[in-house]
Every structure is written in structure tokens, then in C-alpha cells.
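Peer 1: Contents of query.json (JSON, C-alpha atoms and all ligand atoms) are below:
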[["chain", "number", "residue", "atom", "x", "y", "z"],
["A", 13, "MET", "CA", -9.49, 13.28, -14.89],
["A", 14, "LYS", "CA", -7.35, 15.98, -13.33],
["A", 15, "ASP", "CA", -3.66, 15.64, -14.15],
["A", 16, "GLY", "CA", -1.59, 14.82, -11.10],
["A", 17, "LYS", "CA", -4.46, 14.61, -8.59],
["A", 18, "TRP", "CA", -4.27, 11.74, -6.07],
["A", 19, "ALA", "CA", -6.98, 10.01, -4.04],
["A", 20, "VAL", "CA", -5.52, 8.44, -0.90],
["A", 21, "LEU", "CA", -7.71, 5.76, 0.70],
["A", 22, "TYR", "CA", -6.71, 4.01, 3.87],
["A", 23, "SER", "CA", -7.83, 1.47, 6.43],
["A", 24, "THR", "CA", -6.39, 1.56, 9.94],
["A", 25, "VAL", "CA", -7.13, 0.38, 13.47],
["A", 26, "THR", "CA", -4.20, 1.66, 15.51],
["A", 27, "GLY", "CA", -3.10, 4.56, 13.27],
["A", 28, "ASN", "CA", 0.08, 3.28, 11.55],
["A", 29, "THR", "CA", -1.45, 3.13, 8.08],
["A", 30, "GLU", "CA", -3.17, 6.48, 8.58],
["A", 31, "GLN", "CA", 0.21, 8.06, 9.33],
["A", 32, "ILE", "CA", 1.60, 6.78, 6.03],
["A", 33, "ALA", "CA", -1.57, 7.86, 4.20],
["A", 34, "ARG", "CA", -1.27, 11.42, 5.53],
["A", 35, "ARG", "CA", 2.35, 11.61, 4.47],
["A", 36, "ILE", "CA", 1.49, 10.34, 0.98],
["A", 37, "ALA", "CA", -1.26, 12.96, 0.62],
["A", 38, "GLN", "CA", 1.08, 15.70, 1.83],
["A", 39, "ALA", "CA", 3.85, 14.64, -0.57],
["A", 40, "ALA", "CA", 1.42, 14.28, -3.49],
["A", 41, "GLY", "CA", 0.35, 17.90, -2.97],
["A", 42, "ASP", "CA", -2.87, 17.86, -4.96],
["A", 43, "ALA", "CA", -4.65, 15.07, -3.06],
["A", 44, "ASP", "CA", -7.87, 14.12, -1.30],
["A", 45, "ILE", "CA", -7.66, 11.67, 1.58],
["A", 46, "PHE", "CA", -10.44, 9.31, 2.69],
["A", 47, "PRO", "CA", -10.82, 6.59, 5.29],
["A", 48, "MET", "CA", -11.75, 3.47, 3.29],
["A", 49, "ALA", "CA", -15.39, 3.61, 4.46],
["A", 50, "ASP", "CA", -15.79, 7.09, 2.92],
["A", 51, "MET", "CA", -14.30, 6.14, -0.43],
["A", 52, "PRO", "CA", -16.05, 8.14, -3.20],
["A", 53, "GLU", "CA", -17.99, 6.06, -5.69],
["A", 54, "ASP", "CA", -16.42, 7.88, -8.60],
["A", 55, "LEU", "CA", -12.63, 7.79, -8.62],
["A", 56, "SER", "CA", -12.35, 8.94, -12.23],
["A", 57, "PRO", "CA", -11.33, 12.54, -11.28],
["A", 58, "TYR", "CA", -8.04, 11.17, -9.91],
["A", 59, "GLU", "CA", -4.92, 10.36, -11.88],
["A", 60, "VAL", "CA", -3.63, 8.12, -9.07],
["A", 61, "VAL", "CA", -5.55, 6.11, -6.48],
["A", 62, "ALA", "CA", -3.37, 5.17, -3.50],
["A", 63, "ILE", "CA", -4.82, 2.39, -1.35],
["A", 64, "GLY", "CA", -3.41, 1.65, 2.11],
["A", 65, "TYR", "CA", -4.19, -1.21, 4.46],
["A", 66, "TRP", "CA", -2.69, -3.16, 7.35],
["A", 67, "LEU", "CA", -1.82, -6.83, 7.08],
["A", 68, "ARG", "CA", -3.91, -9.49, 8.66],
["A", 69, "LEU", "CA", -3.32, -13.20, 7.95],
["A", 70, "GLY", "CA", -0.74, -12.29, 5.32],
["A", 71, "GLY", "CA", -3.10, -10.17, 3.23],
["A", 72, "PRO", "CA", -5.00, -6.88, 3.28],
["A", 73, "ASP", "CA", -7.23, -6.36, 6.34],
["A", 74, "PRO", "CA", -10.83, -7.57, 5.91],
["A", 75, "LYS", "CA", -12.33, -4.09, 5.33],
["A", 76, "THR", "CA", -9.91, -3.43, 2.50],
["A", 77, "MET", "CA", -10.58, -6.84, 0.94],
["A", 78, "GLY", "CA", -14.19, -5.70, 0.55],
["A", 79, "PHE", "CA", -13.22, -2.37, -1.02],
["A", 80, "LEU", "CA", -10.52, -3.43, -3.49],
["A", 81, "PRO", "CA", -12.94, -4.97, -6.05],
["A", 82, "LYS", "CA", -14.81, -1.63, -6.20],
["A", 83, "VAL", "CA", -11.74, 0.17, -7.57],
["A", 84, "HIS", "CA", -11.59, -0.10, -11.35],
["A", 85, "ASP", "CA", -9.93, 1.58, -14.35],
["A", 86, "ALA", "CA", -7.37, 3.35, -12.19],
["A", 87, "LYS", "CA", -3.64, 3.78, -11.81],
["A", 88, "VAL", "CA", -3.13, 2.33, -8.36],
["A", 89, "VAL", "CA", -0.46, 2.72, -5.71],
["A", 90, "LEU", "CA", -0.65, 0.09, -2.98],
["A", 91, "PHE", "CA", 0.78, 0.84, 0.46],
["A", 92, "GLN", "CA", 0.76, -1.40, 3.50],
["A", 93, "THR", "CA", 1.96, -1.54, 7.09],
["A", 94, "HIS", "CA", 2.78, -4.79, 8.80],
["A", 95, "GLY", "CA", 4.59, -6.51, 11.62],
["A", 96, "THR", "CA", 6.78, -8.48, 9.23],
["A", 97, "ASP", "CA", 10.02, -7.12, 7.76],
["A", 98, "PRO", "CA", 9.65, -5.04, 4.57],
["A", 99, "GLY", "CA", 10.66, -7.03, 1.50],
["A", 100, "SER", "CA", 10.01, -10.36, 3.23],
["A", 101, "GLU", "CA", 8.16, -13.05, 1.29],
["A", 102, "HIS", "CA", 5.18, -12.42, 3.57],
["A", 103, "ALA", "CA", 5.11, -8.70, 2.72],
["A", 104, "VAL", "CA", 5.61, -9.18, -1.04],
["A", 105, "THR", "CA", 2.92, -11.86, -1.27],
["A", 106, "ALA", "CA", 0.51, -9.51, 0.51],
["A", 107, "PHE", "CA", 0.90, -6.96, -2.30],
["A", 108, "ALA", "CA", 0.08, -9.69, -4.83],
["A", 109, "ARG", "CA", -3.01, -10.63, -2.82],
["A", 110, "ALA", "CA", -4.20, -7.01, -2.77],
["A", 111, "ALA", "CA", -3.51, -6.49, -6.48],
["A", 112, "TYR", "CA", -5.40, -9.66, -7.35],
["A", 113, "LEU", "CA", -8.55, -8.32, -5.68],
["A", 114, "LEU", "CA", -8.67, -5.03, -7.60],
["A", 115, "GLY", "CA", -11.48, -4.46, -10.10],
["A", 116, "GLU", "CA", -11.06, -4.44, -13.87],
["A", 117, "GLY", "CA", -8.78, -2.08, -15.73],
["A", 118, "CYS", "CA", -6.45, -1.25, -12.85],
["A", 119, "GLU", "CA", -2.74, -0.80, -13.35],
["A", 120, "ILE", "CA", -0.28, -0.94, -10.46],
["A", 121, "LEU", "CA", 1.95, 2.11, -10.56],
["A", 122, "GLY", "CA", 3.98, 1.18, -7.47],
["A", 123, "THR", "CA", 4.04, -0.30, -3.98],
["A", 124, "PHE", "CA", 5.26, 0.93, -0.61],
["A", 125, "GLY", "CA", 5.45, -1.03, 2.63],
["A", 126, "CYS", "CA", 6.83, -0.47, 6.09],
["A", 127, "GLN", "CA", 6.61, -1.99, 9.51],
["A", 128, "GLY", "CA", 3.99, -0.79, 11.97],
["A", 129, "LYS", "CA", 3.93, -1.37, 15.70],
["A", 130, "ILE", "CA", 1.63, -4.17, 16.72],
["A", 131, "ASN", "CA", -1.32, -3.72, 19.02],
["A", 132, "PRO", "CA", -0.05, -4.75, 22.52],
["A", 133, "ALA", "CA", -3.34, -6.59, 23.17],
["A", 134, "MET", "CA", -2.56, -8.91, 20.28],
["A", 135, "ILE", "CA", 1.00, -9.50, 21.50],
["A", 136, "GLU", "CA", -0.38, -10.47, 24.88],
["A", 137, "ARG", "CA", -2.93, -12.86, 23.33],
["A", 138, "ARG", "CA", -0.30, -14.51, 21.15],
["A", 139, "LYS", "CA", 1.92, -15.30, 24.17],
["A", 140, "HIS", "CA", -0.67, -17.85, 25.20],
["A", 141, "SER", "CA", -1.43, -19.37, 21.82],
["A", 142, "ASP", "CA", -0.44, -22.57, 19.98],
["A", 143, "PRO", "CA", 3.38, -23.08, 19.94],
["A", 144, "ASP", "CA", 3.15, -24.10, 16.24],
["A", 145, "ASP", "CA", 1.81, -20.63, 15.45],
["A", 146, "PRO", "CA", 4.56, -18.79, 13.45],
["A", 147, "HIS", "CA", 3.83, -15.68, 15.51],
["A", 148, "VAL", "CA", 4.90, -17.35, 18.74],
["A", 149, "GLY", "CA", 8.47, -17.66, 20.02],
["A", 150, "GLU", "CA", 11.68, -15.71, 20.14],
["A", 151, "LYS", "CA", 11.96, -14.95, 16.43],
["A", 152, "ALA", "CA", 8.48, -13.42, 16.41],
["A", 153, "GLN", "CA", 9.29, -11.55, 19.60],
["A", 154, "ARG", "CA", 12.34, -9.94, 17.94],
["A", 155, "ARG", "CA", 10.31, -9.03, 14.85],
["A", 156, "TRP", "CA", 7.68, -7.36, 17.01],
["A", 157, "GLU", "CA", 10.36, -5.45, 18.87],
["A", 158, "ARG", "CA", 11.69, -4.18, 15.53],
["A", 159, "ALA", "CA", 8.16, -3.24, 14.44],
["A", 160, "ALA", "CA", 7.54, -1.35, 17.68],
["A", 161, "ALA", "CA", 9.67, 1.58, 16.48],
["A", 162, "HIS", "CA", 7.68, 2.09, 13.24],
["A", 163, "PRO", "CA", 6.56, 4.03, 11.37],
["A", 164, "ASN", "CA", 9.46, 6.32, 12.23],
["A", 165, "GLU", "CA", 10.94, 9.50, 10.73],
["A", 166, "GLU", "CA", 13.01, 7.46, 8.28],
["A", 167, "ASP", "CA", 9.89, 5.64, 7.02],
["A", 168, "LEU", "CA", 8.13, 8.97, 6.56],
["A", 169, "ALA", "CA", 11.09, 10.35, 4.60],
["A", 170, "MET", "CA", 11.00, 7.23, 2.44],
["A", 171, "VAL", "CA", 7.29, 7.85, 1.77],
["A", 172, "ALA", "CA", 8.08, 11.31, 0.40],
["A", 173, "GLU", "CA", 10.83, 9.87, -1.81],
["A", 174, "PHE", "CA", 8.44, 7.12, -2.97],
["A", 175, "VAL", "CA", 5.79, 9.66, -4.01],
["A", 176, "ALA", "CA", 8.41, 11.67, -5.92],
["A", 177, "GLN", "CA", 9.46, 8.44, -7.65],
["A", 178, "MET", "CA", 5.83, 7.72, -8.65],
["A", 179, "LYS", "CA", 5.48, 11.21, -10.12],
["A", 180, "ARG", "CA", 8.68, 10.69, -12.14],
["A", 181, "LYS", "CA", 7.38, 7.34, -13.30],
["A", 182, "LEU", "CA", 4.13, 8.89, -14.51],
["A", 183, "SER", "CA", 5.85, 11.54, -16.59],
["A", 184, "LEU", "CA", 8.43, 9.09, -18.02],
["A", 185, "ARG", "CA", 5.69, 6.63, -18.92],
["A", 186, "GLN", "CA", 3.90, 9.35, -20.86],
["A", 187, "LYS", "CA", 7.08, 10.31, -22.71],
["A", 188, "TYR", "CA", 8.09, 6.74, -23.56],
["A", 189, "ARG", "CA", 4.57, 5.68, -24.52],
["A", 190, "GLU", "CA", 4.54, 8.46, -27.12],
["A", 191, "LYS", "CA", 8.00, 7.43, -28.38],
["A", 192, "ASP", "CA", 6.98, 3.79, -28.45],
["A", 193, "ALA", "CA", 3.80, 4.59, -30.40],
["A", 194, "GLN", "CA", 5.94, 6.47, -32.95],
["A", 195, "ARG", "CA", 8.44, 3.59, -33.20],
["A", 196, "ASN", "CA", 5.60, 1.15, -33.66],
["A", 197, "ALA", "CA", 4.04, 3.29, -36.40],
["A", 198, "ASP", "CA", 7.44, 3.54, -38.18],
["A", 199, "TYR", "CA", 7.95, -0.19, -37.89],
["A", 200, "THR", "CA", 4.54, -1.08, -39.31],
["A", 201, "ARG", "CA", 5.16, 1.34, -42.22],
["A", 202, "GLY", "CA", 8.40, -0.59, -42.84],
["A", 203, "ARG", "CA", 10.86, 2.22, -42.08],
["G", 1, "LIG", "C1", -5.29, -9.24, 14.43],
["G", 1, "LIG", "C2", -3.98, -8.82, 13.78],
["G", 1, "LIG", "C3", -3.42, -9.60, 12.78],
["G", 1, "LIG", "C4", -2.20, -9.22, 12.19],
["G", 1, "LIG", "N1", -1.68, -10.01, 11.18],
["G", 1, "LIG", "C5", -0.52, -9.64, 10.59],
["G", 1, "LIG", "C6", 0.02, -10.42, 9.53],
["G", 1, "LIG", "O1", -0.55, -11.41, 9.07],
["G", 1, "LIG", "N2", 1.20, -10.04, 9.03],
["G", 1, "LIG", "C7", 1.88, -8.94, 9.46],
["G", 1, "LIG", "O2", 2.97, -8.67, 8.95],
["G", 1, "LIG", "N3", 1.38, -8.15, 10.44],
["G", 1, "LIG", "C8", 0.20, -8.48, 11.01],
["G", 1, "LIG", "N4", -0.34, -7.68, 12.00],
["G", 1, "LIG", "C9", 0.34, -6.42, 12.35],
["G", 1, "LIG", "C10", -0.37, -5.19, 11.73],
["G", 1, "LIG", "O3", -0.60, -5.38, 10.36],
["G", 1, "LIG", "C11", 0.48, -3.93, 11.95],
["G", 1, "LIG", "O4", 0.70, -3.68, 13.29],
["G", 1, "LIG", "C12", -0.14, -2.71, 11.25],
["G", 1, "LIG", "O5", 0.82, -1.69, 11.16],
["G", 1, "LIG", "C13", -1.37, -2.16, 11.96],
["G", 1, "LIG", "O6", -1.85, -1.08, 11.21],
["G", 1, "LIG", "P1", -2.79, 0.08, 11.78],
["G", 1, "LIG", "O7", -2.05, 0.76, 12.91],
["G", 1, "LIG", "O8", -2.98, 0.98, 10.61],
["G", 1, "LIG", "O9", -4.06, -0.55, 12.24],
["G", 1, "LIG", "C14", -1.54, -8.04, 12.62],
["G", 1, "LIG", "C15", -2.11, -7.27, 13.64],
["G", 1, "LIG", "C16", -3.32, -7.63, 14.21],
["G", 1, "LIG", "C17", -3.91, -6.76, 15.31]]
I'd like the structure from this file rewritten - as C-alpha cells, please.
Peer 2:
Amino acid sequence: MKDGKWAVLYSTVTGNTEQIARRIAQAAGDADIFPMADMPEDLSPYEVVAIGYWLRLGGPDPKTMGFLPKVHDAKVVLFQTHGTDPGSEHAVTAFARAAYLLGEGCEILGTFGCQGKINPAMIERRKHSDPDDPHVGEKAQRRWERAAAHPNEEDLAMVAEFVAQMKRKLSLRQKYREKDAQRNADYTRGR
């Protein structure tokens, strides 16, 4: 494993998630970026594996759902774009759904989410759908209007800050794991 090297994998249809993926790779510096379909079989050369997807039915898009179980024994960063507001129950639950699908031995290092403009074809379709559908009506309309401006420059700046935060977390974890191991050894020796 190469210290500090990132693999950035992403799934996208209309480009929002790809934009975030490119920014993550740029901010990580030492990074390889792959569309999900070109994901390398061996991810062990990477210290961090960042996985990005768009939300569909409150979870990762179907392509990503198929790929997540193939990722194992990795420090994972999950990133997602969605029509819903960041931090909403819908968005947070989607991270849990993605994390649940990962293969064995994965550890979540962090998560990043932002809104992404919604395909106009879908908006048009939804106008004519079941009125009980939570995506129909004025509230949904306002949410979609908010999403239409994203990802924006502010989101991209937040991505860079997020990556810096992940790097800090990695080095602090190393430091405190060593200290904790020492404390544990002292404790078991009865000091
Ligand atoms: C068929 C379809 C289903 C969607 N379902 C959801 C959803 O369940 N929750 C959500 O927040 N956004 C949903 N969205 C919005 C997309 O996740 C969002 O626009 C995303 O940024 C698209 O990413 P992309 O440009 O990388 O393809 C949906 C969009 C489409 C086209």
C-alpha cells in the first residue's frame, strides 16, 4: 500500500457525481480516478478508496449497489450527490445503505454529500405521476429548484476542505493509535 494514495471511483449519469469525483482526486493530489465500471480488481495499493454515487430510491444508484460488495479491506470515503437537502434524513440514511453493502474489512473514514441538479426529463415525468408520490408537489418543486444550482463553486470548495480533513484524520488516527497501544500496554502491565 502506498501511503497517502487515493483511488476515486464514481458512478454518474448526468455528470454531477463526476464533478465531485474530479475535485476529490485533484485535492487528494496522489490519486487515480476511475468510472465505477473500470474499477481495478486490486485496490490494495491505495490508502483510501473514495466511492461516489448518485441517489436513486433513497440509496446508491443500481450500478454502485453492484460494486460496493467488491470493495473489501479498505479505508473508504463515501460521497454522494442527490436532489434532497444535505444532512436530511434521506441523505444520511443513504450513506448507511451504501456502507452496509461494502465488503468485509472496510472502515468508513468519512462521508461527503451535496445536492446535484436533477435530470429535467425526470422532473417532467414526475409532474404527471401519482399525487401520493413524495416527489410530487410544491415542496418537491422547491427542493428541485434548490438542487438545480448544484454542484456549485461553494460545494467544490467544501470538497477540498473535506479532503484536507480526511488527511488530517488519517495522520491523527495513526498518532493516537500508537499512543493508545502504549497506554493499553502500560495498563495491562499494571502501571
Ligand atoms: C431516476 C432518478 C431517481 C432519483 N432518485 C433520487 C432519490 O431517491 N433521492 C435523491 O435525493 N435524489 C434522487 N435523484 C436525483 C439524483 O440523485 C441527482 O440529480 C444526482 O446528482 C445525479 O447525479 P449524476 O449527475 O452524477 O448522475 C434521482 C434522479 C433520477 C434521474
Peer 1: Mind giving me the straight-line distance from atom CA of A:Cys126 to atom O8 of ligand LIG 1 (chain G) in Å, one decimal?
Peer 2: 10.9 Å
Peer 1: Residues contacting ligand LIG 1 (chain G) - anything with an atom at most 9 Å away, using all atoms listed in the file - can you give me those as a PyMOL selection string?
Peer 2: chain A and resi 22-32+64-73+92-98+102-103+106+126-135+147+156+159-160+162-163
Peer 1: Atom CA of A:Arg180 and atom CA of A:Gly16 are how many Å apart?
Peer 2: 11.1 Å
Peer 1: Given the choices A:Arg154, A:Ala43, A:Lys75, A:Glu101, which gets closest to A:Glu59 if the distance is worked out from only C-alpha atoms?
Peer 2: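 Smallest distance to A:Glu59 is found for A:Ala43.
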Peer 1: Excluding A:Met170 and its own-chain neighbours fewer than 3 positions away, which residues fall within 10 Å of it when counting only C-alpha atoms? Please give them as a ChimeraX atom specification.
Peer 2: /A:35,124-126,164-167,173-176
Peer 1: Taking C-alpha atoms for each residue, export the selection above as a PDB file, in the coordinates of the input.
Peer 2:
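The resulting file, part04.pdb, is reproduced below:
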ATOM      1  CA  ARG A  35       2.350  11.610   4.470  1.00  0.00           C
ATOM      2  CA  PHE A 124       5.260   0.930  -0.610  1.00  0.00           C
ATOM      3  CA  GLY A 125       5.450  -1.030   2.630  1.00  0.00           C
ATOM      4  CA  CYS A 126       6.830  -0.470   6.090  1.00  0.00           C
ATOM      5  CA  ASN A 164       9.460   6.320  12.230  1.00  0.00           C
ATOM      6  CA  GLU A 165      10.940   9.500  10.730  1.00  0.00           C
ATOM      7  CA  GLU A 166      13.010   7.460   8.280  1.00  0.00           C
ATOM      8  CA  ASP A 167       9.890   5.640   7.020  1.00  0.00           C
ATOM      9  CA  GLU A 173      10.830   9.870  -1.810  1.00  0.00           C
ATOM     10  CA  PHE A 174       8.440   7.120  -2.970  1.00  0.00           C
ATOM     11  CA  VAL A 175       5.790   9.660  -4.010  1.00  0.00           C
ATOM     12  CA  ALA A 176       8.410  11.670  -5.920  1.00  0.00           C
TER      13      ALA A 176
END
Peer 1: What is the distance, in Å and to one decimal place, between atom CA of A:Ala110 and atom CA of A:Lys181?
Peer 2: 21.2 Å
Peer 1: Which one of A:Ala19, A:Ala62, A:Val148, A:Val83 sits closest to A:Thr123 if you count all atoms listed in the file?
Peer 2: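 Ranked by minimum distance to A:Thr123, first place goes to A:Ala62.
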Peer 1: May I ask which of the residues A:Val60, A:Arg155, A:Leu21, A:Gly122 is the closest one to A:Phe46, counting all atoms listed in the file?
Peer 2: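 Closest to A:Phe46 of all the choices is A:Leu21.
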Peer 1: Tell me which protein, DNA and RNA residues are within 8 Å of A:Asp44, counting all atoms listed in the file, leaving out same-chain ones fewer than 3 positions away, and put them as number ranges by chain.
Peer 2: A: 18-20, 37
Peer 1: Could you save those same residues with C-alpha atoms as a compact mmCIF listing (two decimals), in the coordinates of the input?
Peer 2:
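Contents of again22.txt, freshly written:
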# COMPACT_ATOMS: atom_id res chain seq x y z
CA TRP A 18 -4.27 11.74 -6.07
CA ALA A 19 -6.98 10.01 -4.04
CA VAL A 20 -5.52 8.44 -0.90
CA ALA A 37 -1.26 12.96 0.62
Peer 1: For each of A:Pro52, A:Arg189, A:Glu150, A:Ala172, take the minimum atom-to-atom distance to A:Ala33, counting all atoms listed in the file, then give the residue where this is smallest.
Peer 2: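 Smallest separation from A:Ala33 among the options: A:Ala172.
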